[in-house]
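Source file: input_28.txt. Holds: compact mmCIF, C-alpha atoms.
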```txt
# COMPACT_ATOMS: atom_id res chain seq x y z
CA MET A 1 -29.89 -75.68 -48.49
CA LYS A 2 -29.57 -77.72 -51.65
CA ASP A 3 -27.64 -80.44 -49.82
CA SER A 4 -30.45 -81.25 -47.47
CA GLY A 5 -32.75 -82.22 -50.33
CA LEU A 6 -35.68 -82.13 -47.99
CA LEU A 7 -37.24 -78.84 -49.05
CA PRO A 8 -37.40 -79.72 -52.77
CA LEU A 9 -38.94 -83.07 -51.87
CA LEU A 10 -41.53 -81.41 -49.65
CA GLU A 11 -42.25 -78.89 -52.38
CA ARG A 12 -42.92 -81.71 -54.84
CA ALA A 13 -45.17 -83.40 -52.30
CA LEU A 14 -47.12 -80.16 -51.99
CA GLN A 15 -47.50 -79.89 -55.78
CA LEU A 16 -48.62 -83.50 -55.99
CA SER A 17 -51.18 -82.99 -53.27
CA SER A 18 -52.50 -79.96 -55.18
CA LEU A 19 -52.74 -82.02 -58.39
CA ARG A 20 -54.54 -84.78 -56.50
CA GLN A 21 -57.03 -82.22 -55.18
CA GLN A 22 -57.82 -81.25 -58.79
CA LEU A 23 -58.40 -84.86 -59.78
CA LEU A 24 -60.61 -85.51 -56.74
CA ALA A 25 -62.58 -82.31 -57.38
CA ASN A 26 -63.07 -83.49 -60.97
CA ASN A 27 -64.33 -86.87 -59.72
CA VAL A 28 -66.83 -85.25 -57.35
CA ALA A 29 -68.01 -82.82 -60.06
CA ASN A 30 -68.64 -85.79 -62.37
CA VAL A 31 -70.51 -87.91 -59.83
CA ASP A 32 -73.61 -87.92 -62.08
CA THR A 33 -71.89 -88.10 -65.47
CA PRO A 34 -72.76 -91.32 -67.31
CA GLY A 35 -69.71 -93.39 -68.25
CA TYR A 36 -67.23 -91.27 -66.29
CA LYS A 37 -64.27 -93.16 -64.81
CA ARG A 38 -62.42 -91.68 -61.86
CA PHE A 39 -58.89 -90.26 -61.99
CA ASP A 40 -56.29 -90.47 -59.28
CA VAL A 41 -52.55 -90.06 -58.83
CA SER A 42 -50.24 -92.32 -56.87
CA LEU A 43 -48.39 -90.02 -54.48
CA SER A 44 -45.79 -92.52 -53.27
CA GLU A 45 -44.87 -93.63 -56.80
CA ALA A 46 -44.66 -90.07 -58.08
CA LEU A 47 -42.43 -89.05 -55.16
CA ARG A 48 -40.10 -92.00 -55.69
CA SER A 49 -39.64 -91.43 -59.42
CA LYS A 50 -36.93 -89.21 -60.88
CA THR A 51 -39.17 -87.38 -63.34
CA LEU A 52 -40.43 -84.07 -62.04
CA ASP A 53 -43.68 -83.98 -64.01
CA PRO A 54 -46.26 -85.71 -61.80
CA ARG A 55 -48.80 -86.00 -64.60
CA GLY A 56 -47.15 -89.22 -65.78
CA HIS A 57 -48.45 -90.86 -62.62
CA VAL A 58 -52.07 -89.92 -63.13
CA TYR A 59 -54.13 -93.01 -63.80
CA GLN A 60 -57.77 -93.71 -64.57
CA GLU A 61 -59.66 -96.63 -63.07
CA GLN A 62 -61.12 -98.06 -66.24
CA ARG A 63 -62.16 -101.50 -65.11
CA THR A 64 -64.56 -100.91 -62.25
CA SER A 65 -68.16 -99.74 -62.53
CA LEU A 66 -70.34 -98.66 -59.66
CA ARG A 67 -73.64 -98.03 -61.42
CA ILE A 68 -75.41 -99.26 -64.50
CA ASP A 69 -74.44 -96.12 -66.44
CA GLY A 70 -70.74 -97.07 -66.18
CA ASN A 71 -69.80 -94.34 -63.70
CA ASN A 72 -67.40 -95.54 -60.99
CA VAL A 73 -67.29 -92.54 -58.60
CA ASP A 74 -68.07 -93.67 -55.06
CA ILE A 75 -68.95 -90.36 -53.41
CA ASP A 76 -68.22 -91.59 -49.85
CA GLN A 77 -64.80 -92.82 -50.88
CA GLU A 78 -64.11 -89.58 -52.77
CA MET A 79 -64.97 -87.44 -49.73
CA ALA A 80 -62.71 -89.60 -47.54
CA GLN A 81 -59.90 -89.13 -50.07
CA VAL A 82 -60.50 -85.35 -50.08
CA ALA A 83 -60.22 -85.31 -46.27
CA GLU A 84 -57.09 -87.45 -46.42
CA ASN A 85 -55.51 -85.22 -49.07
CA ASN A 86 -56.37 -82.17 -46.99
CA LEU A 87 -54.55 -83.62 -43.96
CA TYR A 88 -51.60 -84.66 -46.10
CA PHE A 89 -51.31 -81.13 -47.54
CA ASP A 90 -51.50 -79.67 -44.02
CA SER A 91 -48.78 -81.97 -42.71
CA VAL A 92 -46.45 -81.21 -45.62
CA ALA A 93 -47.07 -77.46 -45.33
CA THR A 94 -46.39 -77.60 -41.58
CA ASN A 95 -43.20 -79.53 -42.25
CA ILE A 96 -42.01 -76.89 -44.74
CA SER A 97 -42.70 -74.17 -42.18
CA LYS A 98 -40.67 -76.09 -39.60
CA GLN A 99 -37.77 -76.52 -42.03
CA LEU A 100 -37.78 -72.82 -42.82
CA SER A 101 -37.91 -71.84 -39.16
CA MET A 102 -34.95 -74.12 -38.45
CA LEU A 103 -33.10 -72.38 -41.27
CA ARG A 104 -33.98 -68.99 -39.81
CA TYR A 105 -32.72 -70.14 -36.41
CA LEU A 106 -29.36 -71.06 -37.98
CA ILE A 107 -29.11 -67.78 -39.88
CA ASN A 108 -29.64 -65.89 -36.64
CA GLU A 109 -26.92 -68.00 -34.98
CA GLY A 110 -29.33 -69.49 -32.51
CA ARG A 111 -30.58 -66.15 -31.22
CA ARG A 112 -34.08 -66.48 -32.61
CA MET B 1 -55.34 -75.08 -56.41
CA LEU B 2 -57.46 -72.47 -58.17
CA LYS B 3 -58.20 -75.04 -60.85
CA SER B 4 -59.71 -77.30 -58.19
CA LEU B 5 -62.01 -74.45 -57.23
CA SER B 6 -63.24 -73.92 -60.80
CA ILE B 7 -63.70 -77.68 -61.29
CA SER B 8 -65.90 -77.82 -58.19
CA ALA B 9 -67.70 -74.69 -59.37
CA SER B 10 -68.58 -76.45 -62.62
CA GLY B 11 -70.07 -79.26 -60.52
CA LEU B 12 -72.07 -76.72 -58.51
CA SER B 13 -73.55 -75.04 -61.58
CA ALA B 14 -74.36 -78.39 -63.22
CA GLN B 15 -76.23 -79.57 -60.13
CA ARG B 16 -77.99 -76.22 -59.84
CA LEU B 17 -79.19 -76.47 -63.44
CA ARG B 18 -80.40 -80.00 -62.70
CA MET B 19 -82.32 -78.61 -59.72
CA ASP B 20 -83.86 -75.89 -61.95
CA ILE B 21 -85.06 -78.54 -64.40
CA ILE B 22 -86.51 -80.67 -61.60
CA ALA B 23 -88.35 -77.61 -60.26
CA ASP B 24 -89.72 -76.96 -63.76
CA ASN B 25 -90.90 -80.58 -64.05
CA ILE B 26 -92.63 -80.50 -60.66
CA ALA B 27 -94.19 -77.09 -61.35
CA ASN B 28 -95.66 -78.48 -64.57
CA ALA B 29 -96.77 -81.82 -63.11
CA GLN B 30 -100.44 -80.84 -63.62
CA THR B 31 -100.06 -78.85 -66.84
CA THR B 32 -102.53 -80.06 -69.43
CA ARG B 33 -102.83 -78.98 -73.06
CA PRO B 34 -105.77 -79.29 -75.40
CA PRO B 35 -105.87 -82.50 -77.50
CA GLY B 36 -103.75 -82.18 -80.67
CA GLU B 37 -101.13 -79.99 -79.05
CA THR B 38 -97.92 -81.60 -77.82
CA PRO B 39 -98.23 -82.25 -74.08
CA PHE B 40 -95.62 -81.18 -71.52
CA TYR B 41 -92.81 -83.75 -71.44
CA ARG B 42 -90.54 -84.13 -68.44
CA ARG B 43 -86.99 -82.95 -69.06
CA HIS B 44 -83.65 -84.10 -67.77
CA PRO B 45 -80.09 -82.77 -68.21
CA LEU B 46 -77.33 -84.81 -69.86
CA PHE B 47 -73.96 -84.43 -68.15
CA ALA B 48 -70.57 -85.04 -69.75
CA ALA B 49 -67.04 -84.80 -68.41
CA ARG B 50 -65.01 -81.90 -69.78
CA GLY B 51 -61.72 -82.79 -71.38
CA GLY B 52 -60.37 -85.96 -69.78
CA GLU B 53 -62.75 -88.45 -71.41
CA SER B 54 -59.64 -90.48 -72.08
CA PHE B 55 -56.42 -90.73 -70.17
CA GLY B 56 -54.40 -89.53 -73.17
CA SER B 57 -56.36 -86.34 -73.70
CA LEU B 58 -55.90 -85.37 -70.05
CA LEU B 59 -52.15 -85.73 -70.37
CA ASN B 60 -51.75 -84.14 -73.76
CA LYS B 61 -53.76 -81.03 -73.12
CA GLN B 62 -52.39 -78.46 -70.76
CA MET B 63 -54.94 -78.81 -68.00
CA SER B 64 -56.44 -75.39 -68.39
CA ARG B 65 -59.49 -74.12 -66.60
CA GLU B 66 -61.99 -74.98 -69.30
CA GLU B 67 -60.80 -78.51 -69.76
CA LEU B 68 -61.75 -80.12 -66.48
CA GLY B 69 -64.95 -80.48 -64.57
CA VAL B 70 -68.43 -81.25 -65.79
CA LYS B 71 -70.66 -79.67 -68.42
CA VAL B 72 -74.30 -80.01 -69.40
CA VAL B 73 -74.38 -81.15 -73.03
CA SER B 74 -78.11 -80.92 -73.56
CA ILE B 75 -81.47 -80.93 -71.87
CA ALA B 76 -83.38 -83.93 -73.18
CA GLU B 77 -87.17 -84.37 -73.28
CA ASP B 78 -88.56 -87.72 -72.19
CA ARG B 79 -91.08 -88.51 -74.96
CA VAL B 80 -91.07 -92.26 -74.25
CA THR B 81 -92.66 -92.60 -70.83
CA PRO B 82 -96.44 -92.44 -71.25
CA GLY B 83 -98.40 -89.86 -69.28
CA GLU B 84 -101.43 -90.65 -67.19
CA LEU B 85 -104.94 -90.53 -68.69
CA ILE B 86 -107.63 -89.18 -66.39
CA TYR B 87 -111.31 -89.56 -67.21
CA ASP B 88 -112.85 -86.11 -66.81
CA PRO B 89 -115.30 -85.29 -69.64
CA GLY B 90 -116.05 -81.85 -68.23
CA HIS B 91 -112.42 -80.73 -68.43
CA PRO B 92 -111.77 -78.19 -71.23
CA HIS B 93 -108.72 -80.20 -72.34
CA ALA B 94 -110.52 -83.55 -72.51
CA ASP B 95 -110.32 -85.48 -75.79
CA ALA B 96 -113.28 -86.95 -77.71
CA ASN B 97 -113.50 -89.93 -75.33
CA GLY B 98 -113.46 -87.69 -72.24
CA TYR B 99 -109.84 -88.38 -71.21
CA VAL B 100 -107.41 -85.67 -70.13
CA HIS B 101 -103.76 -86.34 -71.04
CA MET B 102 -101.56 -85.57 -68.03
CA PRO B 103 -97.81 -84.85 -68.38
CA ASN B 104 -95.46 -87.81 -67.88
CA VAL B 105 -93.98 -86.24 -64.72
CA ASN B 106 -93.71 -88.65 -61.81
CA VAL B 107 -93.50 -86.43 -58.72
CA VAL B 108 -91.94 -89.18 -56.55
CA ASN B 109 -89.26 -89.69 -59.18
CA GLU B 110 -88.57 -85.96 -59.31
CA MET B 111 -88.30 -85.73 -55.51
CA VAL B 112 -85.70 -88.52 -55.46
CA ASN B 113 -83.75 -86.73 -58.20
CA MET B 114 -84.02 -83.52 -56.20
CA ILE B 115 -82.43 -85.10 -53.09
CA SER B 116 -79.72 -86.61 -55.28
CA ALA B 117 -78.95 -83.21 -56.86
CA SER B 118 -78.91 -81.54 -53.45
CA ARG B 119 -76.48 -84.13 -52.01
CA ALA B 120 -74.19 -83.84 -55.04
CA TYR B 121 -74.23 -80.05 -54.62
CA GLU B 122 -73.23 -80.44 -50.96
CA ALA B 123 -70.38 -82.77 -51.90
CA ASN B 124 -68.99 -80.13 -54.27
CA VAL B 125 -69.28 -77.48 -51.55
CA THR B 126 -67.33 -79.74 -49.17
CA VAL B 127 -64.55 -80.10 -51.74
CA ILE B 128 -64.45 -76.32 -52.20
CA ASN B 129 -64.07 -75.87 -48.44
CA ALA B 130 -61.29 -78.46 -48.31
CA THR B 131 -59.48 -76.71 -51.16
CA LYS B 132 -59.89 -73.36 -49.43
CA ALA B 133 -58.40 -74.79 -46.22
CA MET B 134 -55.45 -76.13 -48.19
CA ALA B 135 -54.83 -72.80 -49.90
CA ALA B 136 -55.00 -70.99 -46.56
CA LYS B 137 -52.51 -73.46 -45.10
CA ALA B 138 -50.14 -72.90 -48.03
CA LEU B 139 -50.29 -69.14 -47.38
CA GLU B 140 -49.17 -69.77 -43.80
CA ILE B 141 -45.85 -71.28 -44.94
CA GLY B 142 -42.99 -69.12 -43.71
CA ARG B 143 -44.94 -67.26 -41.08
```
Just give me the structure as structure tokens.
Amino acid sequence: MKDSGLLPLLERALQLSSLRQQLLANNVANVDTPGYKRFDVSLSEALRSKTLDPRGHVYQEQRTSLRIDGNNVDIDQEMAQVAENNLYFDSVATNISKQLSMLRYLINEGRR
Amino acid sequence: MLKSLSISASGLSAQRLRMDIIADNIANAQTTRPPGETPFYRRHPLFAARGGESFGSLLNKQMSREELGVKVVSIAEDRVTPGELIYDPGHPHADANGYVHMPNVNVVNEMVNMISASRAYEANVTVINATKAMAAKALEIGR
């Protein structure tokens, strides 16, 4: 199981997606907070890196500003990201299920 | 995952409080006081991000439940915008010149704020539903 390396990777992807959901929820909650700058995490970079702690890949968009109060949360974009993250989480979770069912198939020597 | 839910819940309660304040402003749009007493001033909430004001503080703190989301720091009174003066000498609250001091509540302004609060509330509900769907999907793993 350890040799395949796929399950640990998928597990990390699931954790990352969960972290991203927190950051996006925080952005949406702060849509009316003056001076708030949005947080996000780069999934592809975090998956490629060797370090297991994904929090090193959290970044804040400091430079942009959407309104005069300095807030840069674009609610439409945030909702699209939430939907995208939702689909990503679903696909990874489905993939883990498939991996596990393949494993079960092997354990049962192909007899289901 | 459960943290996402409490973050969105903080957004919900902040927007609900904002809605309460707007309702209070609109309800008191015609409230007059006798001359000499302080008139009714419109109020508005001040929001602030919990925890992660800076990138460093988000990373250093263990992201616990209380440290993310939004909070209402204070409810400020708008004492700058002038209220309307209506000439009505017969009114019991009229001043010596016959003018009644109306509160500085602009109903149109409040209605726009109300729609904004309602939309922001809906956005937080949508995120809660998305998080719920994700958690349900994670529970299906291994079935």
With a distance cut-off of 7 Å and only C-alpha atoms, select the neighbouring residues of range 19-27 of chain A, excluding the residue or stretch itself and same-chain residues fewer than 4 positions from it, and output the selection as an MDAnalysis selection string.
-> (chainID A and resid 15 31 38:41 73 78 82 85) or (chainID B and resid 3:4 7:8 68:69 127)
Quick one: write out the picked residues with C-alpha atoms as a PDB file, keeping the file's coordinate frame?
```pdb
ATOM      1  CA  GLN A  15     -47.500 -79.890 -55.780  1.00  0.00           C
ATOM      2  CA  VAL A  31     -70.510 -87.910 -59.830  1.00  0.00           C
ATOM      3  CA  ARG A  38     -62.420 -91.680 -61.860  1.00  0.00           C
ATOM      4  CA  PHE A  39     -58.890 -90.260 -61.990  1.00  0.00           C
ATOM      5  CA  ASP A  40     -56.290 -90.470 -59.280  1.00  0.00           C
ATOM      6  CA  VAL A  41     -52.550 -90.060 -58.830  1.00  0.00           C
ATOM      7  CA  VAL A  73     -67.290 -92.540 -58.600  1.00  0.00           C
ATOM      8  CA  GLU A  78     -64.110 -89.580 -52.770  1.00  0.00           C
ATOM      9  CA  VAL A  82     -60.500 -85.350 -50.080  1.00  0.00           C
ATOM     10  CA  ASN A  85     -55.510 -85.220 -49.070  1.00  0.00           C
TER      11      ASN A  85
ATOM     12  CA  LYS B   3     -58.200 -75.040 -60.850  1.00  0.00           C
ATOM     13  CA  SER B   4     -59.710 -77.300 -58.190  1.00  0.00           C
ATOM     14  CA  ILE B   7     -63.700 -77.680 -61.290  1.00  0.00           C
ATOM     15  CA  SER B   8     -65.900 -77.820 -58.190  1.00  0.00           C
ATOM     16  CA  LEU B  68     -61.750 -80.120 -66.480  1.00  0.00           C
ATOM     17  CA  GLY B  69     -64.950 -80.480 -64.570  1.00  0.00           C
ATOM     18  CA  VAL B 127     -64.550 -80.100 -51.740  1.00  0.00           C
TER      19      VAL B 127
END
```
Expected answer as a VMD selection string: chain A residues within 9 Å of chain B, all atoms listed in the file = chain A and resid 14 18 to 19 21 to 37 39 55 to 56 58 to 60 75 79 82 to 83 85 to 87 89 to 90 93 to 94 96 to 98 100 to 101
Using CA of Pro8 in chain A and CA of Leu43 in chain A as the two end points, give the distance in Å to one decimal.
-> 15.2 Å
Figure out the distance between CA of Arg16 in chain B and CA of Asn28 in chain B, please, to one decimal in Å.
->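 Atom-to-atom, CA of Asn28 in chain B to CA of Arg16 in chain B, that is 18.4 Å.
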